[in-house]
>>> print(open('my_file.txt').read())   # compact mmCIF, C-alpha atoms
# COMPACT_ATOMS: atom_id res chain seq x y z
CA MET A 1 113.73 103.57 4.27
CA PRO A 2 113.22 103.45 8.09
CA THR A 3 111.57 106.41 9.80
CA ASP A 4 113.69 108.30 12.35
CA ILE A 5 111.97 109.15 15.64
CA VAL A 6 113.52 111.15 18.50
CA VAL A 7 112.70 110.25 22.11
CA ASP A 8 113.17 112.49 25.14
CA ALA A 9 114.98 109.90 27.28
CA MET A 10 114.57 111.93 30.49
CA GLY A 11 110.82 112.64 30.37
CA SER A 12 108.91 109.97 32.30
CA ASP A 13 108.57 109.60 36.06
CA LYS A 14 111.03 106.68 36.04
CA ALA A 15 113.31 107.93 33.26
CA PRO A 16 115.45 106.85 31.55
CA GLU A 17 114.75 103.10 31.98
CA PRO A 18 111.28 102.98 30.29
CA GLU A 19 112.47 105.18 27.41
CA VAL A 20 115.49 102.99 26.69
CA ARG A 21 113.54 99.72 26.84
CA GLY A 22 110.66 101.21 24.84
CA ALA A 23 113.06 102.45 22.16
CA VAL A 24 114.57 98.98 21.79
CA LEU A 25 111.11 97.40 21.54
CA ALA A 26 110.03 99.91 18.87
CA ALA A 27 113.17 99.40 16.80
CA ARG A 28 112.67 95.64 17.00
CA GLN A 29 108.93 95.55 16.25
CA PHE A 30 108.34 98.51 13.92
CA GLY A 31 111.64 98.84 12.08
CA VAL A 32 112.08 102.49 13.04
CA ARG A 33 115.37 104.24 13.85
CA VAL A 34 115.19 105.67 17.38
CA HIS A 35 117.35 108.50 18.73
CA LEU A 36 117.44 108.71 22.54
CA VAL A 37 118.23 112.24 23.73
CA GLY A 38 119.87 112.59 27.14
CA PRO A 39 123.08 112.26 29.15
CA GLU A 40 125.21 109.60 27.45
CA ASP A 41 126.80 108.37 30.68
CA ARG A 42 123.34 107.36 31.98
CA LEU A 43 121.90 106.07 28.73
CA ARG A 44 124.81 104.00 27.37
CA PRO A 45 124.84 101.26 30.10
CA LEU A 46 121.04 100.93 30.01
CA LEU A 47 121.00 100.67 26.23
CA ARG A 48 123.74 98.06 26.22
CA GLN A 49 121.76 96.03 28.76
CA ALA A 50 118.46 96.37 26.85
CA LEU A 51 120.01 95.36 23.50
CA ARG A 52 121.52 92.18 24.95
CA GLY A 53 124.04 92.00 22.17
CA GLN A 54 121.47 92.53 19.39
CA ARG A 55 122.27 95.12 16.72
CA LEU A 56 119.33 97.52 16.40
CA PRO A 57 119.09 101.11 15.08
CA VAL A 58 118.91 102.82 18.48
CA PHE A 59 121.26 105.77 18.93
CA ILE A 60 122.16 108.24 21.67
CA VAL A 61 122.08 112.02 21.13
CA PRO A 62 123.81 113.94 23.94
CA ALA A 63 121.91 116.57 25.92
CA SER A 64 123.11 117.94 29.24
CA GLU A 65 119.78 119.24 30.62
CA TRP A 66 116.20 118.07 30.97
CA ILE A 67 112.94 119.64 32.14
CA THR A 68 111.31 118.01 35.18
CA MET A 69 107.64 117.82 36.13
CA ASP A 70 108.32 120.34 38.92
CA ASP A 71 109.87 122.94 36.62
CA LYS A 72 107.81 125.94 35.57
CA ALA A 73 107.36 125.33 31.86
CA ALA A 74 107.91 128.84 30.48
CA GLN A 75 110.98 129.50 32.62
CA ALA A 76 112.54 126.09 31.94
CA VAL A 77 112.07 126.38 28.19
CA ARG A 78 113.98 129.67 28.18
CA SER A 79 116.73 128.77 30.65
CA LYS A 80 117.52 125.16 29.72
CA ARG A 81 118.84 125.68 26.21
CA ASP A 82 120.41 122.20 25.99
CA SER A 83 117.33 120.37 27.26
CA THR A 84 116.34 116.99 25.84
CA MET A 85 113.13 118.53 24.48
CA ARG A 86 114.84 121.37 22.67
CA VAL A 87 117.60 119.16 21.23
CA GLY A 88 115.08 116.53 20.07
CA LEU A 89 112.64 118.98 18.49
CA LYS A 90 115.49 120.79 16.78
CA MET A 91 116.34 117.48 15.06
CA VAL A 92 112.75 117.38 13.73
CA ARG A 93 112.93 120.99 12.56
CA GLU A 94 116.21 120.33 10.72
CA GLY A 95 114.81 117.24 9.00
CA ARG A 96 117.12 114.80 10.80
CA ALA A 97 114.09 113.06 12.32
CA ALA A 98 110.44 112.70 11.33
CA GLY A 99 108.91 112.94 14.79
CA PHE A 100 109.44 113.48 18.51
CA PHE A 101 108.05 111.71 21.59
CA THR A 102 108.22 112.77 25.24
CA ALA A 103 106.58 111.54 28.43
CA GLY A 104 107.73 114.69 30.20
CA ASN A 105 106.28 118.01 31.28
CA THR A 106 103.30 118.65 28.97
CA GLY A 107 103.40 122.44 29.24
CA ALA A 108 107.10 122.51 28.47
CA ALA A 109 106.65 120.14 25.52
CA MET A 110 103.96 122.37 24.01
CA ALA A 111 105.92 125.58 24.59
CA THR A 112 109.13 124.11 23.16
CA ALA A 113 107.34 122.67 20.13
CA LYS A 114 105.72 126.02 19.36
CA MET A 115 109.04 127.82 19.73
CA VAL A 116 111.25 125.34 17.85
CA LEU A 117 108.86 124.01 15.19
CA GLY A 118 106.47 126.91 14.74
CA MET A 119 102.80 126.71 13.76
CA LEU A 120 101.17 125.34 10.63
CA SER A 121 99.77 127.88 8.21
CA GLY A 122 96.16 128.65 9.16
CA VAL A 123 96.49 127.42 12.76
CA ASP A 124 96.46 129.94 15.61
CA ARG A 125 96.93 127.49 18.49
CA PRO A 126 97.99 123.85 18.78
CA ALA A 127 95.66 121.26 20.32
CA LEU A 128 96.38 118.08 22.23
CA ALA A 129 94.35 115.21 20.80
CA GLN A 130 93.74 112.03 22.80
CA ILE A 131 92.53 108.70 21.39
CA LEU A 132 89.76 107.00 23.41
CA PRO A 133 88.29 103.46 23.27
CA THR A 134 84.65 102.99 22.21
CA VAL A 135 82.07 100.19 22.30
CA SER A 136 82.31 99.92 18.51
CA ARG A 137 86.06 99.14 18.85
CA VAL A 138 86.79 102.04 16.48
CA PRO A 139 88.57 104.63 18.66
CA SER A 140 87.38 108.21 18.94
CA LEU A 141 89.42 111.40 19.22
CA LEU A 142 89.00 114.13 21.85
CA LEU A 143 90.63 117.54 21.44
CA ASP A 144 91.74 119.81 22.99
CA VAL A 145 92.68 117.95 26.21
CA GLY A 146 94.83 120.64 27.79
CA ALA A 147 96.84 122.82 25.45
CA ASN A 148 94.46 125.80 25.64
CA VAL A 149 92.37 126.55 28.71
CA ASP A 150 90.62 129.49 27.02
CA CYS A 151 89.51 129.27 23.38
CA ASP A 152 87.42 131.26 20.95
CA PRO A 153 85.11 129.83 18.25
CA ASP A 154 87.75 130.12 15.53
CA ASN A 155 90.11 127.96 17.61
CA LEU A 156 87.47 125.23 17.92
CA VAL A 157 86.84 125.32 14.17
CA GLN A 158 90.55 124.78 13.56
CA PHE A 159 90.55 121.92 16.11
CA ALA A 160 87.65 120.30 14.24
CA VAL A 161 89.52 120.41 10.93
CA MET A 162 92.71 119.04 12.52
CA GLY A 163 90.77 116.27 14.28
CA HIS A 164 89.00 115.37 11.05
CA MET A 165 92.31 115.02 9.21
CA TYR A 166 93.84 112.92 11.99
CA ALA A 167 90.85 110.56 12.23
CA LYS A 168 90.77 110.14 8.47
CA ASN A 169 94.49 109.54 7.92
CA ILE A 170 95.61 107.83 11.14
CA LEU A 171 92.48 106.14 12.53
CA LYS A 172 91.41 105.28 8.97
CA VAL A 173 87.80 106.49 9.42
CA ASN A 174 86.46 107.15 5.93
CA ASN A 175 84.14 110.05 6.77
CA PRO A 176 84.76 111.02 10.41
CA ARG A 177 81.74 112.26 12.34
CA VAL A 178 82.72 115.46 14.14
CA GLY A 179 80.83 116.72 17.18
CA LEU A 180 81.01 119.74 19.47
CA LEU A 181 81.18 118.59 23.10
CA SER A 182 78.39 120.21 25.08
CA ILE A 183 75.82 119.51 27.82
CA GLY A 184 73.03 118.60 25.43
CA GLU A 185 72.36 117.77 21.79
CA GLU A 186 70.03 120.72 21.22
CA ASP A 187 71.48 123.83 19.59
CA SER A 188 70.36 125.97 22.53
CA LYS A 189 72.36 123.93 25.07
CA GLY A 190 75.87 124.83 26.21
CA ASN A 191 77.71 128.02 27.06
CA ALA A 192 78.47 131.11 24.95
CA LEU A 193 81.50 129.43 23.37
CA THR A 194 79.63 126.35 22.12
CA ARG A 195 76.63 128.35 20.93
CA ASP A 196 78.84 130.77 18.98
CA THR A 197 80.93 127.91 17.54
CA LEU A 198 78.00 125.79 16.33
CA PRO A 199 77.05 127.87 13.23
CA LEU A 200 80.70 128.28 12.24
CA LEU A 201 81.24 124.50 12.26
CA ARG A 202 78.08 123.95 10.22
CA ALA A 203 79.51 126.28 7.57
CA VAL A 204 82.83 124.41 7.25
CA LYS A 205 83.05 122.46 4.02
CA GLY A 206 84.72 119.08 3.92
CA ILE A 207 83.94 117.86 7.44
CA ASN A 208 81.03 115.65 8.53
CA PHE A 209 79.74 117.84 11.37
CA LYS A 210 76.97 116.26 13.45
CA GLY A 211 76.23 119.11 15.86
CA ASN A 212 76.43 118.96 19.64
CA VAL A 213 77.47 115.74 21.34
CA GLU A 214 77.50 114.77 25.01
CA GLY A 215 80.09 113.08 27.21
CA ARG A 216 78.63 109.60 26.66
CA ASP A 217 79.13 109.98 22.91
CA LEU A 218 82.90 109.79 23.44
CA PHE A 219 82.51 106.05 24.03
CA ASN A 220 79.26 104.86 22.41
CA GLY A 221 80.52 104.90 18.83
CA GLN A 222 78.24 107.77 17.75
CA CYS A 223 81.09 110.27 17.28
CA ASP A 224 84.59 109.94 15.81
CA VAL A 225 85.95 113.39 16.77
CA ALA A 226 84.79 115.49 19.73
CA VAL A 227 85.91 119.12 19.92
CA CYS A 228 86.11 121.29 23.05
CA ASP A 229 88.34 123.82 24.79
CA GLY A 230 91.31 122.55 26.78
CA PHE A 231 89.67 123.18 30.17
CA VAL A 232 86.69 120.94 29.44
CA GLY A 233 88.84 118.39 27.61
CA ASN A 234 91.37 118.04 30.40
CA VAL A 235 88.68 117.62 33.06
CA ALA A 236 87.02 114.99 30.87
CA LEU A 237 90.30 113.15 30.25
CA LYS A 238 91.29 113.06 33.95
CA SER A 239 87.77 111.85 34.84
CA ILE A 240 88.09 109.09 32.25
CA GLU A 241 91.47 108.01 33.64
CA GLY A 242 90.07 107.90 37.19
CA THR A 243 87.02 105.91 36.11
CA ALA A 244 89.21 103.37 34.30
CA GLN A 245 91.35 102.92 37.41
CA LEU A 246 88.23 102.48 39.56
CA LEU A 247 86.75 99.87 37.21
CA SER A 248 89.97 97.88 37.05
CA ALA A 249 90.51 97.98 40.83
CA SER A 250 86.88 97.11 41.60
CA LEU A 251 86.87 94.21 39.17
CA ARG A 252 90.13 92.87 40.55
CA GLU A 253 88.78 93.10 44.12
CA SER A 254 85.51 91.39 43.21
CA LEU A 255 87.29 88.53 41.48
CA LYS A 256 89.33 87.81 44.62
CA SER A 257 86.40 88.00 47.05
CA THR A 258 85.18 84.38 46.91
CA VAL A 259 86.41 80.98 45.78
CA THR A 260 83.64 80.86 43.17
CA SER A 261 84.66 84.20 41.68
CA GLN A 262 88.32 83.12 41.65
CA VAL A 263 87.40 80.00 39.66
CA GLY A 264 85.33 82.18 37.32
CA ALA A 265 88.26 84.53 36.90
CA LEU A 266 90.51 81.66 35.88
CA LEU A 267 87.98 80.45 33.32
CA SER A 268 87.51 83.97 31.94
CA ARG A 269 91.15 85.07 32.03
CA LYS A 270 91.27 85.84 28.31
CA ALA A 271 88.17 88.04 28.49
CA PHE A 272 89.49 89.96 31.49
CA ALA A 273 92.84 90.48 29.76
CA GLU A 274 91.02 91.94 26.76
CA PHE A 275 88.98 94.21 29.07
CA LYS A 276 92.13 95.52 30.73
CA LYS A 277 93.81 96.05 27.37
CA ARG A 278 90.94 98.22 26.09
CA LEU A 279 91.27 100.52 29.12
CA ASP A 280 95.07 100.60 29.09
CA TYR A 281 96.45 104.06 28.20
CA SER A 282 99.75 102.49 27.14
CA GLU A 283 98.03 100.97 24.07
CA TYR A 284 97.36 104.44 22.58
CA GLY A 285 100.84 105.92 22.80
CA GLY A 286 100.01 109.39 24.09
CA ALA A 287 98.37 112.62 22.96
CA VAL A 288 99.24 114.16 19.61
CA LEU A 289 100.08 117.88 19.50
CA LEU A 290 98.22 118.97 16.38
CA GLY A 291 98.94 122.28 14.67
CA VAL A 292 102.72 122.52 15.00
CA ARG A 293 105.02 122.28 11.98
CA GLY A 294 106.25 118.80 12.74
CA VAL A 295 105.30 115.69 14.72
CA CYS A 296 105.18 115.86 18.52
CA ILE A 297 103.61 113.17 20.73
CA VAL A 298 103.18 113.72 24.48
CA GLY A 299 102.86 110.62 26.66
CA HIS A 300 101.74 110.13 30.25
CA GLY A 301 104.33 110.77 32.95
CA SER A 302 103.81 107.24 34.26
CA SER A 303 104.48 105.72 30.83
CA ASN A 304 106.06 102.27 30.91
CA GLU A 305 108.15 100.72 28.14
CA LYS A 306 105.01 99.58 26.30
CA ALA A 307 103.60 103.12 26.29
CA ILE A 308 106.93 104.49 25.07
CA MET A 309 107.03 101.89 22.29
CA ASN A 310 103.51 102.80 21.15
CA GLY A 311 104.29 106.52 21.38
CA ILE A 312 107.15 105.97 18.95
CA ARG A 313 104.80 103.99 16.70
CA VAL A 314 102.21 106.80 16.69
CA ALA A 315 104.89 109.37 15.86
CA ALA A 316 106.07 107.28 12.91
CA GLU A 317 102.51 106.70 11.62
CA PHE A 318 101.70 110.41 11.89
CA ALA A 319 104.84 111.37 9.97
CA GLN A 320 104.29 108.77 7.24
CA ALA A 321 100.66 109.83 6.70
CA GLU A 322 101.68 113.49 6.14
CA VAL A 323 98.69 114.72 8.15
CA ASN A 324 100.11 118.23 8.47
CA LEU A 325 99.98 118.79 4.70
CA GLY A 326 96.29 117.89 4.76
CA ILE A 327 95.60 120.26 7.67
CA GLU A 328 97.24 123.20 5.91
CA ALA A 329 95.37 122.46 2.69
CA ALA A 330 92.03 122.26 4.53
CA LEU A 331 92.61 125.55 6.38
CA ARG A 332 93.93 127.44 3.34
CA PRO A 333 91.64 130.39 2.48
CA ALA A 334 89.45 129.75 -0.57
>>> encode(input="my_file.txt", output="C-alpha cells")
Amino acid sequence: MPTDIVVDAMGSDKAPEPEVRGAVLAARQFGVRVHLVGPEDRLRPLLRQALRGQRLPVFIVPASEWITMDDKAAQAVRSKRDSTMRVGLKMVREGRAAGFFTAGNTGAAMATAKMVLGMLSGVDRPALAQILPTVSRVPSLLLDVGANVDCDPDNLVQFAVMGHMYAKNILKVNNPRVGLLSIGEEDSKGNALTRDTLPLLRAVKGINFKGNVEGRDLFNGQCDVAVCDGFVGNVALKSIEGTAQLLSASLRESLKSTVTSQVGALLSRKAFAEFKKRLDYSEYGGAVLLGVRGVCIVGHGSSNEKAIMNGIRVAAEFAQAEVNLGIEAALRPA
C-alpha cells in the first residue's frame, strides 16, 4: 500500500511552485501519495498544470495560514492555528499520513513538531540530522545541526543513539561508527561539554563509539555519525554549504577562462556533472528531525522541485523503516 506523505506547500522561498512540482515528481517516481497543505485557490491551478492530464495520487488539504521565514517561530506557532505546518503535522499525529516535509521556517517546524507530535520516550530534546557526502561515497550523518544551541552530556548521548539508529536503518551502514565532534582526537581535547560526554558515550552499549573526531572526519569516510551541540553543528553546516558554493563557482569560472579549458570541460562533462551532483544539497532531501513521535523532514528554504521530491522520498523511507521504534527501544532503561 502506498505511503502517505504531507507537504507544507507554502514553506520554500518560491512556494508553492517547487512544492507542487516536487510532489508530482515524487508521486510519479516513488509511488507515494502526497498531500499538499495550503490555500486551495493557489494550489489547484498549479497542480493541474503540473499533472498535465496525468492521474497521480496528489491531493490538496486546505489551510488558510502559513508561517514565513520572517515570522518569529514561537509567536507564529501559537497565533497561526490553521498554519500549513500545524495542519500537516496533525495529519501525521492522527495517523492519516506517515510523514511530513517542509522547506519553511526551521524554528517553527521544530516547535510545531514538538507541540503536535510530542517527544519519543527517553528523548529530552529533538535533534536535526543532516546527511553529508564523503570520499568513500557512503554518506555520513551530522547531528545536531541547529535544533539545540545549548546541550548537556545526556542530550549528546541521546543524539548518538538516534544517529546510530538512523545510519543503520536508513543509510544501511551495518555497524555505524559514531564519533564526538571535537578539536582533536585525544580525550583531553575539547571543551567541558565534550570532555564530560566522552565517558558517557563509551559506556553506552549497542553503539560503535570511536571517540573524538575532527571536522575533516565528516568527509573522509572515517566516521558514519558525528555528534555535537546545535551551535557547533549549525556553524559547521553553514561553512560546508559556503565551501561547496565556492568550489562550484571557482570550478565553473576556471573552465571558462581559456579555450583549452573549455575544450577540456566538454570532454569531461560527465565527470563534472557527477562532481556537482555529489555537492548538491537537493540530492539529500533535507534534515531529519529525530526524537519526535513521528516523521518530520526540514528542507532548505531555497529547495527546488528536485529537493522537494527527495525530501518526500526521505520521509517515506524513514516511516517505512520504523526508526522511531528502534530509538525508543535503545533508550529504554535496562
>>> residues_around(input="my_file.txt", residues="stretch 293-295 of chain A", least_positions_apart="3", cutoff="8 Å", atoms="only C-alpha atoms", output="number ranges by chain")
A: 92-93, 98-100, 117-120, 288-290, 315, 318-319, 324
>>> atom_distance(input="my_file.txt", atom1="atom CA of A:Ala113", atom2="atom CA of A:Met85")
8.3 Å
>>> residues_around(input="my_file.txt", residues="A:Ser136", least_positions_apart="6", cutoff="9 Å", atoms="only C-alpha atoms", output="list in words")
Phe219, Asn220, Gly221 and Gln222 of chain A
>>> closest_residue(input="my_file.txt", among="A:Ile67, A:Ala160, A:Leu36, A:Ala127", to="A:Gly291", atoms="all atoms listed in the file")
A:Ala127
>>> closest_residue(input="my_file.txt", among="A:Leu325, A:Val225, A:Ala203, A:Val37", to="A:Met91", atoms="all atoms listed in the file")
A:Val37
>>> closest_residue(input="my_file.txt", among="A:Ala316, A:Ile170, A:Val24, A:Val6", to="A:Arg86", atoms="all atoms listed in the file")
A:Val6
>>> closest_residue(input="my_file.txt", among="A:Glu186, A:Asp8, A:Asp196, A:Asp71", to="A:Asn212", atoms="all atoms listed in the file")
A:Glu186
>>> residues_around(input="my_file.txt", residues="A:Ile183", least_positions_apart="3", cutoff="9 Å", atoms="all atoms listed in the file", output="list in words")
Glu186, Lys189, Gly190, Asn191, Asn212, Val213, Glu214 and Gly215 of chain A
>>> closest_residue(input="my_file.txt", among="A:Thr112, A:Ser303, A:Asn169, A:Gln29", to="A:Ala76", atoms="only C-alpha atoms")
A:Thr112
>>> closest_residue(input="my_file.txt", among="A:Leu201, A:Val145, A:Ala111, A:Ala330", to="A:Ala236", atoms="all atoms listed in the file")
A:Val145
>>> atom_distance(input="my_file.txt", atom1="atom CA of A:Lys80", atom2="atom CA of A:Ser64")
9.1 Å
>>> atom_distance(input="my_file.txt", atom1="atom CA of A:Pro199", atom2="atom CA of A:Asp154")
11.2 Å
